[in-house]
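To keep things clear, I will list the structure first and then write my remarks on it.
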Amino acid sequence: MCRDLLLVIDMQNVYASGGAWFCPKAESAADNIRLLLESEEIGKDVIFTRFLSSNDPVGDWINYNEENAAVNGDPHANTMMDSFSDYLEKYPLYTKSVYSSLAIPEVRDAVKDYDRVILSGVVAECCVLSTAFSLIDEGVHIIYLSDAVAGINEETEKSVITVLSGLEPLHVEIMTTAEYMKKSYIQ
């Protein structure tokens, strides 16, 4: 049986309904992530990440922070979605100030201990895609859960899947949460 790590990327209020960077499928992605977290048959190796702006940005991140100052300064927007609060008591939450979750040393070290990383969270065309490429560069096999990832719109979500499908099956497997859960039960 494969040893999997579920990586839950940046499920913060800013992406939920009413958030400044609302992703239309964020709530349904959250529902699917919680299905995985509640599953007794699937291993419970989980890491959460969140994006917070750097206090000491460099290069284009300086412009990013200026342009997004209102969101960066909003504590509610930067808090993880309430529906994950119980899980955040059980699993680690690490902070990054760039797109890729592998910029976090603890995450970079942890992924080495797993056969696969299960990608979930937001934003598909930004932090999730950046993390996917970083994982691939590290030689880590990815399961991309298409219904547990949300983007800014359906078109960009599909574009990410198109890009990643070019790396199937060697580096990436793209599937739904139900397909992953079914496959995990029979392995």
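Naming scheme: A, B, ... for chains in displayed order of the structure tokens; residues 1 onward per chain; ligands 1 onward as shown.
The residues of stretch 93-186 of chain A that DSSP assigns to strand (DSSP E or B) on this backbone come out as Leu93, Tyr94, Thr95, Lys96, Arg116, Val117, Ile118, Leu119, Ser120, Gly121, Val122, His141, Ile142, Ile143, Tyr144, Leu145, Ser146, Asp147, Ala148, Val149, Ala150, Val172, Glu173, Ile174 and Met175 of chain A.
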Write out, as a PDB file, in the first residue's frame, the residues just selected, with C-alpha atoms.
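Printed below is out21.pdb as written:
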```pdb
ATOM      1  CA  LEU A  93      -0.353  24.225   9.891  1.00  0.00           C
ATOM      2  CA  TYR A  94       2.649  25.877   8.268  1.00  0.00           C
ATOM      3  CA  THR A  95       2.874  29.379   6.835  1.00  0.00           C
ATOM      4  CA  LYS A  96       4.446  30.459   3.568  1.00  0.00           C
ATOM      5  CA  ARG A 116       2.649  10.188  -2.987  1.00  0.00           C
ATOM      6  CA  VAL A 117       1.337  13.619  -2.096  1.00  0.00           C
ATOM      7  CA  ILE A 118      -2.390  14.220  -2.465  1.00  0.00           C
ATOM      8  CA  LEU A 119      -2.927  17.811  -3.589  1.00  0.00           C
ATOM      9  CA  SER A 120      -5.971  19.761  -2.446  1.00  0.00           C
ATOM     10  CA  GLY A 121      -6.851  23.374  -1.715  1.00  0.00           C
ATOM     11  CA  VAL A 122      -6.661  26.738  -3.446  1.00  0.00           C
ATOM     12  CA  HIS A 141       4.466  11.507  -7.259  1.00  0.00           C
ATOM     13  CA  ILE A 142       1.276  13.582  -7.110  1.00  0.00           C
ATOM     14  CA  ILE A 143      -2.399  12.726  -6.901  1.00  0.00           C
ATOM     15  CA  TYR A 144      -4.292  15.849  -8.029  1.00  0.00           C
ATOM     16  CA  LEU A 145      -7.845  15.746  -6.725  1.00  0.00           C
ATOM     17  CA  SER A 146      -9.758  17.748  -9.300  1.00  0.00           C
ATOM     18  CA  ASP A 147     -12.811  18.219  -7.057  1.00  0.00           C
ATOM     19  CA  ALA A 148     -10.796  19.045  -3.921  1.00  0.00           C
ATOM     20  CA  VAL A 149      -8.981  21.927  -5.640  1.00  0.00           C
ATOM     21  CA  ALA A 150     -10.589  25.267  -6.486  1.00  0.00           C
ATOM     22  CA  VAL A 172       0.821  12.971 -11.781  1.00  0.00           C
ATOM     23  CA  GLU A 173      -2.475  11.135 -11.484  1.00  0.00           C
ATOM     24  CA  ILE A 174      -5.611  13.253 -11.847  1.00  0.00           C
ATOM     25  CA  MET A 175      -8.777  11.933 -10.238  1.00  0.00           C
TER      26      MET A 175
END
```
Using only C-alpha atoms, determine which residues lie at most 12 Å from A:Lys44, disregarding the query and same-chain residues fewer than 6 positions distant; provide the list as a PDB file with C-alpha atoms, in the first residue's frame.
```
ATOM      1  CA  ARG A   3       2.044   5.889   1.932  1.00  0.00           C
ATOM      2  CA  ASP A   4       0.190   9.134   1.142  1.00  0.00           C
ATOM      3  CA  LEU A   5       0.387  12.640   2.543  1.00  0.00           C
ATOM      4  CA  LEU A   6      -2.669  14.846   2.157  1.00  0.00           C
ATOM      5  CA  LEU A   7      -1.514  18.418   1.555  1.00  0.00           C
ATOM      6  CA  ARG A  34     -13.262  16.916   4.876  1.00  0.00           C
ATOM      7  CA  LEU A  35     -14.439  13.597   3.371  1.00  0.00           C
ATOM      8  CA  LEU A  36     -10.804  12.563   3.206  1.00  0.00           C
ATOM      9  CA  LEU A  37     -10.087  13.823   6.707  1.00  0.00           C
ATOM     10  CA  GLU A  38     -13.049  11.860   8.091  1.00  0.00           C
ATOM     11  CA  TYR A  87      -8.583  19.409  12.124  1.00  0.00           C
ATOM     12  CA  LYS A  90      -4.804  17.552  15.115  1.00  0.00           C
ATOM     13  CA  TYR A  91      -2.577  18.388  12.156  1.00  0.00           C
ATOM     14  CA  PRO A  92       0.220  20.894  11.603  1.00  0.00           C
ATOM     15  CA  ILE A 118      -2.390  14.220  -2.465  1.00  0.00           C
TER      16      ILE A 118
END
```
Separation of atom CA of A:Val8 from atom CA of A:Ala30 in Å: 9.4 Å
A:Thr131 surroundings by only C-alpha atoms, 8 Å radius, close-in-sequence under 4 positions cut, as a list in words: Tyr99, Ser100, Ser101, Leu102, Cys127 and Leu135 of chain A
Atom CA of A:Met80 to atom CA of A:Glu27, distance in Å rounded to a single decimal: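 Going from atom CA of A:Met80 over to atom CA of A:Glu27 covers 12.5 Å.
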Neighbour list for A:Val71 as a list in words, cut-off 12 Å, only C-alpha atoms, skip fewer than 5 positions in-chain: Gln12, Asn13, Val14, Tyr15, Gly19, Ala20, Trp21, Phe22, Phe51, Leu52, Ser53, Tyr64, Asn65, Glu66, His76, Ala77, Asn78 and Thr79 of chain A
With N, CA and C atoms retained, export the selected residues as a PDB file, in the first residue's frame.
```
ATOM      1  N   GLN A  12      -8.152  29.328   3.246  1.00  0.00           N
ATOM      2  CA  GLN A  12      -8.371  30.501   4.074  1.00  0.00           C
ATOM      3  C   GLN A  12      -9.672  31.213   3.683  1.00  0.00           C
ATOM      4  N   ASN A  13     -10.182  32.019   4.593  1.00  0.00           N
ATOM      5  CA  ASN A  13     -11.448  32.719   4.383  1.00  0.00           C
ATOM      6  C   ASN A  13     -11.454  33.623   3.158  1.00  0.00           C
ATOM      7  N   VAL A  14     -10.335  34.134   2.764  1.00  0.00           N
ATOM      8  CA  VAL A  14     -10.272  35.044   1.616  1.00  0.00           C
ATOM      9  C   VAL A  14     -10.775  34.374   0.334  1.00  0.00           C
ATOM     10  N   TYR A  15     -10.736  33.035   0.279  1.00  0.00           N
ATOM     11  CA  TYR A  15     -11.165  32.288  -0.900  1.00  0.00           C
ATOM     12  C   TYR A  15     -12.598  31.771  -0.784  1.00  0.00           C
ATOM     13  N   GLY A  19     -15.340  36.280   0.322  1.00  0.00           N
ATOM     14  CA  GLY A  19     -13.937  36.664   0.431  1.00  0.00           C
ATOM     15  C   GLY A  19     -13.488  37.480  -0.768  1.00  0.00           C
ATOM     16  N   ALA A  20     -12.479  38.283  -0.565  1.00  0.00           N
ATOM     17  CA  ALA A  20     -11.970  39.161  -1.627  1.00  0.00           C
ATOM     18  C   ALA A  20     -11.443  38.379  -2.829  1.00  0.00           C
ATOM     19  N   TRP A  21     -10.940  37.171  -2.591  1.00  0.00           N
ATOM     20  CA  TRP A  21     -10.402  36.352  -3.681  1.00  0.00           C
ATOM     21  C   TRP A  21     -11.243  35.088  -3.847  1.00  0.00           C
ATOM     22  N   PHE A  22     -12.531  35.252  -3.751  1.00  0.00           N
ATOM     23  CA  PHE A  22     -13.486  34.145  -3.803  1.00  0.00           C
ATOM     24  C   PHE A  22     -13.210  33.198  -4.960  1.00  0.00           C
ATOM     25  N   PHE A  51      -1.137  30.957   3.262  1.00  0.00           N
ATOM     26  CA  PHE A  51      -0.327  32.021   2.679  1.00  0.00           C
ATOM     27  C   PHE A  51      -0.535  33.289   3.503  1.00  0.00           C
ATOM     28  N   LEU A  52       0.551  33.853   3.980  1.00  0.00           N
ATOM     29  CA  LEU A  52       0.545  35.169   4.616  1.00  0.00           C
ATOM     30  C   LEU A  52       1.650  35.978   3.960  1.00  0.00           C
ATOM     31  N   SER A  53       1.389  37.247   3.733  1.00  0.00           N
ATOM     32  CA  SER A  53       2.399  38.076   3.065  1.00  0.00           C
ATOM     33  C   SER A  53       3.646  38.215   3.943  1.00  0.00           C
ATOM     34  N   TYR A  64       3.370  43.069  -5.079  1.00  0.00           N
ATOM     35  CA  TYR A  64       2.240  42.209  -4.697  1.00  0.00           C
ATOM     36  C   TYR A  64       1.664  42.677  -3.360  1.00  0.00           C
ATOM     37  N   ASN A  65       2.544  42.896  -2.385  1.00  0.00           N
ATOM     38  CA  ASN A  65       2.082  43.313  -1.059  1.00  0.00           C
ATOM     39  C   ASN A  65       1.415  44.685  -1.099  1.00  0.00           C
ATOM     40  N   GLU A  66       1.944  45.592  -1.897  1.00  0.00           N
ATOM     41  CA  GLU A  66       1.325  46.915  -2.021  1.00  0.00           C
ATOM     42  C   GLU A  66      -0.066  46.804  -2.644  1.00  0.00           C
ATOM     43  N   HIS A  76      -9.300  38.250   9.422  1.00  0.00           N
ATOM     44  CA  HIS A  76     -10.321  37.256   9.084  1.00  0.00           C
ATOM     45  C   HIS A  76     -10.035  36.608   7.726  1.00  0.00           C
ATOM     46  N   ALA A  77      -9.668  37.409   6.736  1.00  0.00           N
ATOM     47  CA  ALA A  77      -9.374  36.875   5.402  1.00  0.00           C
ATOM     48  C   ALA A  77      -8.243  35.863   5.447  1.00  0.00           C
ATOM     49  N   ASN A  78      -7.291  36.070   6.306  1.00  0.00           N
ATOM     50  CA  ASN A  78      -6.111  35.216   6.364  1.00  0.00           C
ATOM     51  C   ASN A  78      -6.244  34.026   7.310  1.00  0.00           C
ATOM     52  N   THR A  79      -7.372  33.952   8.003  1.00  0.00           N
ATOM     53  CA  THR A  79      -7.635  32.831   8.900  1.00  0.00           C
ATOM     54  C   THR A  79      -8.139  31.643   8.083  1.00  0.00           C
TER      55      THR A  79
END
```
